[in-house]
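Notes follow the structure.
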Amino acid sequence: MALYDRVPISEEPGWGGPRAGDARVVNYEAFEFPGLTFRSACRSDIPRLVELHDALFEVKYPNQFFESLVSDAMVTILAFARPNEEAGGDGPVLVGVGTARRRASTRACLAHVEGYIATLGVIAGWRNRGLGQMILEATTQLLLDKWPDCDTIALHVKASNAPAIRMYQRGGFMVVKNLPKHYYFENKYHDAYKLGLKVKPGTG
C-alpha cells in the first residue's frame, strides 16, 4: 500500500493543514504491525501524549512541545492497540509514539539541514516485539518524505540506555558525539550520546 494517497487539497488533513501545490495525504494504513493501527497526532491526543511522555521519558517536556506535535512543524506517528474488553477498555490504547522535525543550521560555513527525532518510545507491555524498530523506520520515512532536503537524521539518547542504543544502531544510526552531563533531572546530571544517520552521500 502506498504511503501517500491523492486527495483534493481542501480535504488534506495529513500534516495539520494543506501545503501549497501538494495534494498528498499520508496514508498511515501503509504502516503495519499486528494488532495495531497508526495515525498522526491531533489536538484531542495532547492529554494522552503528555501522559505517555511522562511514563516513557525521564526528561520532562514543556507544554509548547505538545502543542508543536499538532502543528505543521512536526511529523508524528501514534500506535494504538485495540482495547482490552475484559479489562473494561472503552477505546484504543496509545502504546507507542514517534515525533520528529526539521532543523537547519550552519556547520563549518556549510548549509546543513538535519532531521531530528525528538521522541520515540513504546510502553512496557509492547517492548521486545520489534515495535520500536518499526516506529523508528516509520518516523524516519515520514520525516524524509516531508523534508527531502535533510542530509542527516539525528537524535539524543541517555548514555546508559543500552537497549535504545542497540535499537538505533540496528536502524543504521551511529554514535557521533559523546555529551557529558547533557541531561539534568532527578537532581543530577546524566550523560548522553548524539546519534546520527547519513541519508545523503558526503554528509557527516
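How things are named: the first chain in the C-alpha cells is A, the next is B, and so on; residues count from 1 in each chain; ligands count from 1 in the order shown.
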
Can you list, as a CSV table (one decimal) with C-alpha atoms, in the first residue's frame, every protein, DNA or RNA residue that comes within 8 Å of range 125-140 of chain A when you count only C-alpha atoms, leaving out same-chain residues fewer than 6 positions away?
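Result went into selection26.csv, see below:
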```
chain,number,residue,atom,x,y,z
A,31,PHE,CA,2.3,1.1,8.3
A,33,PHE,CA,2.1,-4.2,12.8
A,75,VAL,CA,5.7,14.8,11.9
A,76,THR,CA,4.2,12.2,14.3
A,77,ILE,CA,3.2,8.6,14.3
A,95,VAL,CA,1.1,2.2,23.1
A,96,GLY,CA,3.8,4.0,21.1
A,97,VAL,CA,4.9,7.3,19.6
A,98,GLY,CA,7.5,8.8,17.3
A,99,THR,CA,7.9,12.5,16.7
A,100,ALA,CA,10.4,14.4,14.5
A,117,ILE,CA,13.9,12.6,16.1
A,153,ILE,CA,18.9,12.5,10.9
A,167,MET,CA,17.8,-0.4,18.5
A,168,TYR,CA,19.0,2.8,16.9
A,171,GLY,CA,18.5,1.1,12.2
```

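Take the candidates A:Leu144, A:Glu58, A:Val113, A:Phe173 and check each one against His190 in chain A using only C-alpha atoms; the shortest distance goes to A:Glu58.
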
### Message
When DSSP is applied to the backbone of this structure, which of range 6-201 of chain A are assigned helix (DSSP H, G or I)? Write them out as a PyMOL selection string.
### Response
chain A and resi 9-11+28-30+43-56+63-68+85-87+124-126+131-146+162-170

### Query
Which of these residues is nearest to Cys42 in chain A, using only C-alpha atoms: A:Ser71, A:Asn27, A:Gln169, A:Asn161?
A:Ser71

### Query
With only C-alpha atoms as the basis for distance, which of A:Gln141, A:Gly172, A:Asp151, A:Asn63 is at the shortest distance from Ala111 in chain A?
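Checking each candidate against Ala111 in chain A, we get A:Asp151 as the closest.
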
### Message
Using only C-alpha atoms, which protein or nucleic acid residues come within 7 Å of Ala154 in chain A? Drop anything in the same chain fewer than 3 positions from it, and give the result as a list in words.
### Response
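Contacts, in chain order: Glu114, Gly115, Tyr116, Ile117, Lys194, Leu195, Gly196 and Leu197 of chain A.
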
Only N, CA, C and O atoms, please: the residues just picked out, written as an mmCIF file, in the first residue's frame.
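As a result, selection-v1.cif now contains:
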```cif
data_model
loop_
_atom_site.group_PDB
_atom_site.id
_atom_site.type_symbol
_atom_site.label_atom_id
_atom_site.label_comp_id
_atom_site.auth_asym_id
_atom_site.auth_seq_id
_atom_site.Cartn_x
_atom_site.Cartn_y
_atom_site.Cartn_z
ATOM 1 N N GLU A 114 19.115 19.192 8.972
ATOM 2 C CA GLU A 114 19.100 17.976 9.761
ATOM 3 C C GLU A 114 17.681 17.621 10.159
ATOM 4 O O GLU A 114 16.917 18.466 10.614
ATOM 5 N N GLY A 115 17.330 16.370 9.961
ATOM 6 C CA GLY A 115 16.108 15.869 10.560
ATOM 7 C C GLY A 115 16.408 15.450 11.982
ATOM 8 O O GLY A 115 17.489 14.922 12.265
ATOM 9 N N TYR A 116 15.470 15.691 12.889
ATOM 10 C CA TYR A 116 15.733 15.406 14.297
ATOM 11 C C TYR A 116 14.569 14.619 14.889
ATOM 12 O O TYR A 116 13.420 15.073 14.858
ATOM 13 N N ILE A 117 14.863 13.428 15.382
ATOM 14 C CA ILE A 117 13.853 12.626 16.076
ATOM 15 C C ILE A 117 13.805 13.112 17.517
ATOM 16 O O ILE A 117 14.761 12.937 18.279
ATOM 17 N N LYS A 194 24.853 11.711 21.106
ATOM 18 C CA LYS A 194 24.151 12.119 19.894
ATOM 19 C C LYS A 194 24.407 11.040 18.856
ATOM 20 O O LYS A 194 25.555 10.677 18.593
ATOM 21 N N LEU A 195 23.339 10.522 18.280
ATOM 22 C CA LEU A 195 23.431 9.525 17.225
ATOM 23 C C LEU A 195 23.012 10.150 15.910
ATOM 24 O O LEU A 195 22.156 11.048 15.880
ATOM 25 N N GLY A 196 23.615 9.699 14.831
ATOM 26 C CA GLY A 196 23.301 10.253 13.519
ATOM 27 C C GLY A 196 23.177 9.181 12.457
ATOM 28 O O GLY A 196 23.782 8.113 12.549
ATOM 29 N N LEU A 197 22.376 9.498 11.463
ATOM 30 C CA LEU A 197 22.192 8.626 10.297
ATOM 31 C C LEU A 197 22.363 9.474 9.047
ATOM 32 O O LEU A 197 21.627 10.453 8.848
#
```

### Query
What gap, in Å, lies between CA of Val59 in chain A and CA of Ile123 in chain A?
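CA of Ile123 in chain A lies at a distance of 15.8 Å from CA of Val59 in chain A.
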
### Task
Quote the spacing between CA of Tyr183 in chain A and CA of Ala79 in chain A in Å to one decimal place.
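Computing it gives 27.0 Å between the two atoms.
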